[in-house]
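Colleague: Sharing a structure below in structure tokens format, with a few things to ask.
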Amino acid sequence: MSALDTGWTPPPQSLAGRLGDLFWRRPGLLVALMLLPPVLWLGIVYIGSLLTLLLQSFYSLDEFSGLVVPEFTLATYAELLRPSNFDIILRTVIMAALVTVASAIIAFPIAYVAARYARGKWKALFYLGIMLPLWSSYLVKVYAWKLILAKEGILTWLFAKLHISWLLDAILAIPGIGGNSLSVSYIGTFLVFVYIWLPYMILPTQAALERVPANLIDASSDLGGTPAMTFRNVILPLAFPGIVAGSIFTFSLTLGDYIIPQIVGTSRLFIGQAVYTQQGTAGNIPLAAAFTVVPIVIMGIYLTVAKRLGAFDAL
Amino acid sequence: MTVAVSLRAVSRHFGAVKALDAVDLDIEAGEFFAMLGPSGSGKTTCLRLIAGFEQPTSGHIEIFGERVEGVPPYRRSVNTVFQDYALFPHMNVIENVAYSLMLRKVPKAERLKTAEAALDLVQLGGYGARRPGQLSGGQRQRVALARAIVNKPKVLLLDEPLGALDLKLRESMQEELKSLQKRLGITFVFVTHDQGEALSMADRVAVFSDGRIRQVGTPEDIYQRPDTPFVADFVGSSNVLPPDLVERLAGVRRFASLRPEAIRLGGEARLTGTVVARSYLGPVTRLAIEAVGLKLHAIVPSGADLPGEGDTIGLGFDSVALHLMGTEP
Amino acid sequence: MRSDGDRAPLLLRLAAAGGLVYLLAPLAIIFVYAFTTEEKSFVWPPPGLTLKWFAVAWARPDISAALLLSLQVAAVATALALVLGTLTAAAVSRTRFFGRETISLLVILPIALPGIITGIALRSAFSTFSIPFSFWTIVLGHATFCIVVVYNNAVARFRRTSASLVEASMDLGADGFQTFRHVILPNIGTALLAGGMLAFALSFDEVIVTTFTAGQQQTLPLWMLEELIRPRQRPVTNVVAMFVVAATFLPILAAFYLTRGGDEIAGSGK
């Protein structure tokens with residue numbers, strides 16, 4: 001075979017080649033060089049900023065001069081426990097918990113049908129039904145709900161058309177969670193939160209359900225299990241890590257959000273809004289910083305528990 | 001005689017694990033050389049050291065007289081056929097084969113011609129435009145082979161080249177590899193865990209176990225005259241007799257190997273045993289026999305009058321069939 | 001979990017259908033409102049339909065300026081995230097080194113923590129070091145949380161790219177750079193494209209961090225937020241909202257057809 005008869009030729013040498021040799025001989029050097037930019041960026045820009053913030057939470061605000069006193073104190077944290085501030089924390093955590101539970105209940109049938117039954121056209125519809133709300137602009141989604149919940153909006157109209165306006169009025173009359181219209185009530189805030197974070201619950205639940213082998217369900221009914229028993233003993237335990245994974249998103253995102261309650265809801269604050277006002281109009285950076293520590297601590301606890309429940313395998 | 005690859009006291013340690021431990025080896029130019037051993041025995045590490053994917057912890061490696069420690073794989077006159085073929089999925093067959101020529105800035109027309117010639121050599125002429133994903137396992141293997149020989153390396157390394165192929169394909173590829181090696185005159189070094197493959201293809205075989213080479217020799221040497229009980233057992237499943245039994249049979253206190261096909265059922269009985277299993281293999285039948293506390297295998301011609309399970313039989317063999325080995329297990 | 005042939009129980013189907021309506025109806029309503037003739041309220045049903053607000057929105061300089069800024073920020077932030085995310089993914093999947101887990105955590109943190117924390121942390125850092133707000137402070141914040149989507153996509157692909165491909169390339173005569181160019185890059189290319197698209201979408205839509213890192217400049221989401229809090233011309237907001245939904249519709253549809261048949265749920269990386 002004449003074309004192959006030339007014998008082995010070495011590859012051409014070049015300057016880049018020599019640098020390549022260096023990296024080949026010292027792979028650690030290459031890894032270090034690759035990691036340098038991202039570590040500088042995240043380590044200095046991001047972690048540095050977080051630490052600056054954390055440091056601020058140990059300072060306090062001089063009430064007379066309105067200036068930050070750069071001395072170590074726990075007084076700002078003590079301020080979090082004042083009833084007005086503690087209410088904000090409590091309100092936010094309760095809302096986050098309710099939103100999480102509601103999302104799980106609404107998400108499950110969607111995820112279950114999408115994972116087990118949907119095919120062809122229906123599969124496409126489920127895909128769009130989950131992906132479009134997920135990827136659509138956050139503000140546009142909030143805006144859509146402002147349109148829906150407005151006093152003159154589609155929900156009021158729908159209740160009127162069905163001749164059940166009395167029901168809406170009754171709901172709005174409930175003290176505490178009702179209000180003048182849905183768009184200025186806790187019910188409204190809750191509905192929007194659930195809507196916005198629902199896809200984050202559906203996706204991990206669906207992923208967990210997709211991993212349940214169909215023959216496991218067949219085996220259960222084969223062994224005489226009723227559908228309810230199969231659901232409780234086979235499907236739910238296997239889907240549970242997915243639901244916990246989804247709850248990390250719904251819980252954390254609700255804890256930190258400050259735009260939804262500002263646009264749809266009452267004038268009473270959530271943690272995010274408190275942070276925003278404290279650092280903005282009030283100029284009390286230490287208190288704002290202390291407020292941000294609250295969701296960090298709560299999420300830390302939440303993630304530790306979730307890890308024990310095996311949620312990270314379902315992510 | 002030119003030495004193609006030479007290893008001197010080469011060790012490769014991964015932490016506390018000695019994947020390769022003070023190995024000496026000379027592979028001659030133009031040889032078809034097999035590295036045989038069970039998985040984890042160090043044969044693949046040895047191949048990777050020659051290719052340059054690993055660096056020795058200590059010792060020296062020479063390829064055609066040149067020291068190659070610290071020389072990256074891309075400067076070694078050695079090419080590899082990978083176990084999983086490692087064809088580039090984003091290139092078609094001809095681009096895969098021409099890859100090393102492209103890197104050497106060979107003009108396009110010439111490199112396509114050369115690559116096509118290499119494909120012809122592995123009987124895949126005309127397959128150039130296909131993607132690796134469209135080929136069968138055997139065809140991918142040929143592409144990997146063509147890609148590795150297109151730049152005419154001085155040594156071709158093959159890592160379990162036939163491992164992923166089915167039995168029939170494997171047999172025909174064995175013959176093909178052998179004839180290809182003869183035509184190209186390149187030194188072939190191939191790694192396998194299949195002793196049949198090593199014995200039928202190689203000019204010489206090195207048997208690895210636990211990071212060491214236990215024996216190097218021609219297939220006949222390895223098969224007929226194993227140096228250690230490990231080699232006797234691993235290469236062709238010989239019966240290994242312990243020293244005290246060998247002392248009784250032959251008067252020397254050493255291990256000995258007795259090939260299953262050397263055992264006779266008739267004639268003068270030198271051992272007595274009980275048949276525990278019988279497997280019919282066509283022209284021959286394999287018997288598992290319990291004798292003197294050992295489990296022995298005998299391969300005898302198939303016939304109507306063979307003993308069944310539970311029968312007590314006498315075993316005979318010629319004294320020359322008893323191959324004496326060392327005193328170490 | 002697939003079971004062929006059988007159908008879901010009626011109650012389950014109703015619950016799932018109800019869920020889908022809940023998910024999709026609000027987006028559909030946006031489309032209707034873009035054509036309403038009503039200017040002062042959100043009255044339903046719309047008293048009449050018109051196209052005139054499209055022209056009005058088109059002519060508004062503040063909208064086009066906000067759109068342009070958003071596109072620029074997203075482009076620069078995506079480019080930075082692509083470089084940083086790919087480098088991190090390559091380093092992490094290439095070797096097992098001390099602190100690998102820490103690096104992964106570092107990358108994920110900006111998106112795991114609520115956006116308001118990232119936002120206020122950056123803002124207080126800017127004020128501590130007297131850095132004035134600018135285009136670059138916005139980009140800085142966006143790139144920080146975009147790194148993770150590029151990283152996630154790239155790291156998964158690196159893991160699937162067999163190590164022997166790199167070895168084969170080097171064996172055939174390519175040094176590290178040539179191997180990167182001819183083998184690694186083409187193999188991770190689509191993952192980077194997907195990661196880049198996600199990063200772009202994430203940046204384009206971001207509002208929470210941006211409120212803290214932008215000065216006088218308005219990105220499109222900031223403009224939208226302003227309109228939500230202090231509405232000036234409601235029909236124009238409606239038109240912009242519809243435009244934004246329509247703009248997300250096409251890539252989602254494209255992603256669906258591109259990844260059809262695969263196991264992954266496209267876009268689930270968000």
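Naming scheme: A, B, ... for chains in displayed order of the structure tokens; residues 1 onward per chain; ligands 1 onward as shown.
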Residues of chain B were defined as contacting chain A if any atom lay at most 8 Å from it, counting only C-alpha atoms; please report them as a PyMOL selection string.

Modeller: chain B and resi 70+72+74-77+103-104+113-114+117-118+150-154

Colleague: Mind listing the alpha helix (DSSP H) residues of region 193-305 of chain A, per DSSP on the backbone, as a VMD selection string?

Modeller: chain A and resid 193 to 210 214 to 222 227 to 230 236 to 256 260 to 263 271 to 279 285 to 305

Colleague: Grab the residues selected above and save them as a CSV table (one decimal), in the first residue's frame with C-alpha atoms.

Modeller:
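As written to disk, out-v6.csv reads:
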```csv
chain,number,residue,atom,x,y,z
A,193,PHE,CA,-47.3,33.2,44.2
A,194,VAL,CA,-48.8,29.8,43.5
A,195,TYR,CA,-49.1,30.6,39.8
A,196,ILE,CA,-45.6,32.0,39.4
A,197,TRP,CA,-43.8,29.1,41.2
A,198,LEU,CA,-46.0,26.2,40.1
A,199,PRO,CA,-43.8,25.1,37.2
A,200,TYR,CA,-40.9,24.8,39.6
A,201,MET,CA,-42.9,22.2,41.5
A,202,ILE,CA,-44.2,20.4,38.5
A,203,LEU,CA,-40.9,19.7,36.9
A,204,PRO,CA,-39.1,17.9,39.7
A,205,THR,CA,-42.3,16.0,40.6
A,206,GLN,CA,-42.7,14.9,37.0
A,207,ALA,CA,-39.0,14.0,36.7
A,208,ALA,CA,-39.4,11.8,39.8
A,209,LEU,CA,-42.6,10.2,38.5
A,210,GLU,CA,-40.9,9.5,35.1
A,214,ALA,CA,-44.6,1.3,34.9
A,215,ASN,CA,-44.1,-2.4,35.8
A,216,LEU,CA,-43.9,-1.4,39.5
A,217,ILE,CA,-47.4,-0.1,39.3
A,218,ASP,CA,-48.5,-3.2,37.4
A,219,ALA,CA,-46.8,-5.3,40.0
A,220,SER,CA,-48.7,-3.6,42.8
A,221,SER,CA,-52.1,-4.0,41.2
A,222,ASP,CA,-51.0,-7.6,40.3
A,227,PRO,CA,-55.5,2.0,43.0
A,228,ALA,CA,-55.6,4.0,46.3
A,229,MET,CA,-53.3,1.6,47.9
A,230,THR,CA,-50.9,1.6,45.0
A,236,LEU,CA,-46.3,8.7,46.5
A,237,PRO,CA,-43.2,7.4,48.3
A,238,LEU,CA,-41.3,7.4,45.0
A,239,ALA,CA,-42.5,10.8,44.0
A,240,PHE,CA,-41.9,12.3,47.4
A,241,PRO,CA,-38.2,13.3,46.8
A,242,GLY,CA,-39.3,15.2,43.7
A,243,ILE,CA,-42.0,17.0,45.6
A,244,VAL,CA,-39.5,18.0,48.3
A,245,ALA,CA,-37.1,19.2,45.6
A,246,GLY,CA,-39.9,21.3,44.1
A,247,SER,CA,-40.7,22.7,47.5
A,248,ILE,CA,-37.2,24.0,47.9
A,249,PHE,CA,-37.9,26.3,45.0
A,250,THR,CA,-41.4,27.3,45.9
A,251,PHE,CA,-40.4,28.0,49.5
A,252,SER,CA,-37.2,29.8,48.9
A,253,LEU,CA,-38.6,31.9,46.0
A,254,THR,CA,-41.6,33.0,48.1
A,255,LEU,CA,-39.4,33.9,51.0
A,256,GLY,CA,-37.2,36.2,49.0
A,260,ILE,CA,-45.5,40.2,43.9
A,261,PRO,CA,-46.8,41.4,47.3
A,262,GLN,CA,-46.0,44.9,46.3
A,263,ILE,CA,-48.1,44.7,43.2
A,271,ILE,CA,-39.5,40.0,54.2
A,272,GLY,CA,-38.4,41.0,50.7
A,273,GLN,CA,-40.3,44.3,50.9
A,274,ALA,CA,-38.9,45.0,54.4
A,275,VAL,CA,-35.3,44.5,53.1
A,276,TYR,CA,-36.1,46.8,50.1
A,277,THR,CA,-37.6,49.6,52.2
A,278,GLN,CA,-35.0,49.4,55.0
A,279,GLN,CA,-32.1,49.7,52.6
A,285,ILE,CA,-28.7,49.0,55.9
A,286,PRO,CA,-27.9,47.1,59.1
A,287,LEU,CA,-31.5,46.1,59.6
A,288,ALA,CA,-32.0,45.3,55.9
A,289,ALA,CA,-28.9,43.1,56.2
A,290,ALA,CA,-30.2,41.4,59.3
A,291,PHE,CA,-33.5,40.7,57.5
A,292,THR,CA,-31.7,39.0,54.6
A,293,VAL,CA,-30.1,36.7,57.1
A,294,VAL,CA,-33.5,35.3,58.0
A,295,PRO,CA,-34.3,33.6,54.7
A,296,ILE,CA,-30.6,32.4,54.5
A,297,VAL,CA,-31.0,30.7,57.9
A,298,ILE,CA,-34.4,29.3,57.1
A,299,MET,CA,-33.3,27.9,53.8
A,300,GLY,CA,-30.2,26.4,55.5
A,301,ILE,CA,-32.4,24.5,57.8
A,302,TYR,CA,-34.8,23.6,55.0
A,303,LEU,CA,-32.0,22.3,52.8
A,304,THR,CA,-30.5,20.2,55.6
A,305,VAL,CA,-33.9,18.5,56.1
```

Colleague: Give me the residues of chain C that have any atom at most 12 Å from an atom of chain B; for each, the nearest atom pair and the distance in Å, rounded to one decimal. Use only C-alpha atoms, sort by chain and number, and format it as CSV.

Modeller:
```
residue,atom,partner,partner_atom,distance
C:Thr161,CA,B:Pro89,CA,9.9
C:Ser162,CA,B:Ala86,CA,7.7
C:Ala163,CA,B:Ala86,CA,8.7
C:Ser164,CA,B:Ala86,CA,5.7
C:Leu165,CA,B:Ala86,CA,5.1
C:Val166,CA,B:Ala86,CA,8.6
C:Glu167,CA,B:Phe53,CA,7.0
C:Ala168,CA,B:Ala86,CA,6.4
C:Ser169,CA,B:Ser100,CA,8.2
C:Met170,CA,B:Tyr74,CA,5.0
C:Asp171,CA,B:Pro73,CA,5.2
C:Leu172,CA,B:Ser100,CA,5.0
C:Gly173,CA,B:Tyr74,CA,3.9
C:Ala174,CA,B:Tyr74,CA,5.7
C:Asp175,CA,B:Tyr74,CA,6.3
C:Gly176,CA,B:Tyr74,CA,9.4
C:Phe177,CA,B:Leu103,CA,11.6
C:Gln178,CA,B:Leu103,CA,8.2
C:Thr179,CA,B:Leu103,CA,10.0
C:Arg181,CA,B:Leu103,CA,11.5
C:His182,CA,B:Tyr99,CA,9.3
C:Val183,CA,B:Phe88,CA,7.2
C:Ile184,CA,B:Phe88,CA,9.8
C:Leu185,CA,B:His90,CA,10.4
C:Pro186,CA,B:His90,CA,6.9
C:Asn187,CA,B:His90,CA,7.0
C:Ile188,CA,B:His90,CA,10.5
C:Gly189,CA,B:His90,CA,10.5
C:Thr190,CA,B:His90,CA,11.4
```

Colleague: Within 6 Å of chain C, which residues of chain A are there when counting only C-alpha atoms? Please give them as a list in words.

Modeller: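 Listed by rising number, the hits are Pro11, Gly20, Val31, Met34, Leu35, Pro38, Ser49, Leu50, Leu53, Pro109, Ile110, Arg116, Gly129, Ser136, Ser137, Val140, Ala144, Leu147, Glu152, Gly153, Ile154, Glu210, Arg211, Val212, Pro213, Ala214 and Gly256 of chain A.
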
Colleague: Between B:Ile63, B:Ile213, B:Leu322, B:Ile289, single out the one closest to Pro242 (chain B), counting only C-alpha atoms.

Modeller: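 Ranking B:Ile63, B:Ile213, B:Leu322, B:Ile289 by distance to Pro242 (chain B), first place goes to B:Leu322.
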
Colleague: What is the distance between CA of Thr37 (chain C) and CA of Gln233 (chain C), in Å to one decimal?

Modeller: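 Straight-line distance from CA of Thr37 (chain C) to CA of Gln233 (chain C) works out to 12.1 Å.
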
Colleague: Could you list, as JSON, numbers by chain, every residue within 8 Å of region 60-74 of chain C, counting only C-alpha atoms and ignoring same-chain residues fewer than 3 positions away?

Modeller: {"C": [56, 57, 77, 78, 135, 138, 139, 142, 199, 200, 201, 203, 204, 218, 219, 220, 223]}

Colleague: Residues of the last selection are to be written out with N, CA, C and O atoms, as an mmCIF file, in the first residue's frame.

Modeller:
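File produced: out-v7.cif:
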```
data_model
loop_
_atom_site.group_PDB
_atom_site.id
_atom_site.type_symbol
_atom_site.label_atom_id
_atom_site.label_comp_id
_atom_site.auth_asym_id
_atom_site.auth_seq_id
_atom_site.Cartn_x
_atom_site.Cartn_y
_atom_site.Cartn_z
ATOM 1 N N VAL C 56 -48.557 53.138 18.844
ATOM 2 C CA VAL C 56 -48.129 54.037 19.921
ATOM 3 C C VAL C 56 -46.912 53.461 20.647
ATOM 4 O O VAL C 56 -45.923 54.153 20.893
ATOM 5 N N ALA C 57 -46.990 52.161 20.945
ATOM 6 C CA ALA C 57 -45.888 51.519 21.661
ATOM 7 C C ALA C 57 -44.617 51.557 20.832
ATOM 8 O O ALA C 57 -43.522 51.804 21.337
ATOM 9 N N ALA C 77 -23.616 39.904 29.392
ATOM 10 C CA ALA C 77 -23.646 38.997 30.548
ATOM 11 C C ALA C 77 -23.552 37.541 30.090
ATOM 12 O O ALA C 77 -22.859 36.723 30.710
ATOM 13 N N THR C 78 -24.225 37.216 28.976
ATOM 14 C CA THR C 78 -24.173 35.847 28.457
ATOM 15 C C THR C 78 -22.761 35.490 28.016
ATOM 16 O O THR C 78 -22.261 34.400 28.304
ATOM 17 N N PHE C 135 -23.961 50.739 33.275
ATOM 18 C CA PHE C 135 -24.207 49.553 32.460
ATOM 19 C C PHE C 135 -23.463 48.353 33.053
ATOM 20 O O PHE C 135 -23.987 47.245 33.140
ATOM 21 N N ILE C 138 -24.878 46.579 36.173
ATOM 22 C CA ILE C 138 -25.984 45.675 35.824
ATOM 23 C C ILE C 138 -25.419 44.364 35.286
ATOM 24 O O ILE C 138 -25.808 43.266 35.703
ATOM 25 N N VAL C 139 -24.463 44.488 34.359
ATOM 26 C CA VAL C 139 -23.865 43.300 33.745
ATOM 27 C C VAL C 139 -23.213 42.416 34.813
ATOM 28 O O VAL C 139 -23.355 41.189 34.805
ATOM 29 N N HIS C 142 -25.845 40.391 36.557
ATOM 30 C CA HIS C 142 -26.443 39.377 35.691
ATOM 31 C C HIS C 142 -25.484 38.223 35.421
ATOM 32 O O HIS C 142 -25.867 37.062 35.499
ATOM 33 N N ALA C 199 -29.086 31.480 29.573
ATOM 34 C CA ALA C 199 -28.495 32.612 30.273
ATOM 35 C C ALA C 199 -29.062 33.915 29.725
ATOM 36 O O ALA C 199 -29.407 34.836 30.480
ATOM 37 N N PHE C 200 -29.169 33.992 28.394
ATOM 38 C CA PHE C 200 -29.693 35.198 27.765
ATOM 39 C C PHE C 200 -31.131 35.461 28.237
ATOM 40 O O PHE C 200 -31.484 36.575 28.634
ATOM 41 N N ALA C 201 -31.941 34.404 28.225
ATOM 42 C CA ALA C 201 -33.337 34.559 28.632
ATOM 43 C C ALA C 201 -33.425 34.975 30.101
ATOM 44 O O ALA C 201 -34.206 35.853 30.473
ATOM 45 N N SER C 203 -31.189 36.599 31.883
ATOM 46 C CA SER C 203 -30.741 37.981 32.041
ATOM 47 C C SER C 203 -31.788 38.953 31.499
ATOM 48 O O SER C 203 -32.086 39.979 32.111
ATOM 49 N N PHE C 204 -32.359 38.615 30.349
ATOM 50 C CA PHE C 204 -33.308 39.508 29.693
ATOM 51 C C PHE C 204 -34.532 39.763 30.573
ATOM 52 O O PHE C 204 -35.140 40.823 30.525
ATOM 53 N N GLN C 218 -32.836 52.116 32.623
ATOM 54 C CA GLN C 218 -33.968 51.209 32.715
ATOM 55 C C GLN C 218 -33.835 50.065 31.725
ATOM 56 O O GLN C 218 -33.773 50.282 30.515
ATOM 57 N N THR C 219 -33.811 48.844 32.243
ATOM 58 C CA THR C 219 -33.937 47.698 31.353
ATOM 59 C C THR C 219 -35.432 47.508 31.110
ATOM 60 O O THR C 219 -36.262 48.111 31.793
ATOM 61 N N LEU C 220 -35.768 46.625 30.176
ATOM 62 C CA LEU C 220 -37.183 46.426 29.871
ATOM 63 C C LEU C 220 -37.982 45.962 31.098
ATOM 64 O O LEU C 220 -39.047 46.497 31.376
ATOM 65 N N TRP C 223 -38.590 48.890 33.287
ATOM 66 C CA TRP C 223 -39.629 49.744 32.700
ATOM 67 C C TRP C 223 -41.005 49.176 33.040
ATOM 68 O O TRP C 223 -41.912 49.887 33.456
#
```

Colleague: Excluding same-chain residues fewer than 2 positions from Gly215 (chain C), what lies within 7 Å of it counting only C-alpha atoms, as a PyMOL selection string?

Modeller: chain C and resi 133-134+213+217

Colleague: What is the CA of Thr272 (chain B)-CA of Val292 (chain B) distance in Å, reported with one decimal?

Modeller: 7.6 Å

Colleague: Near Gln181 (chain B), counting only C-alpha atoms, which residues have an atom at most 12 Å away, once you skip same-chain residues fewer than 3 positions from it, shown as a ChimeraX atom specification?

Modeller: /B:29-33,121-122,145,149,152,154-158,173-178,184-190,201-203
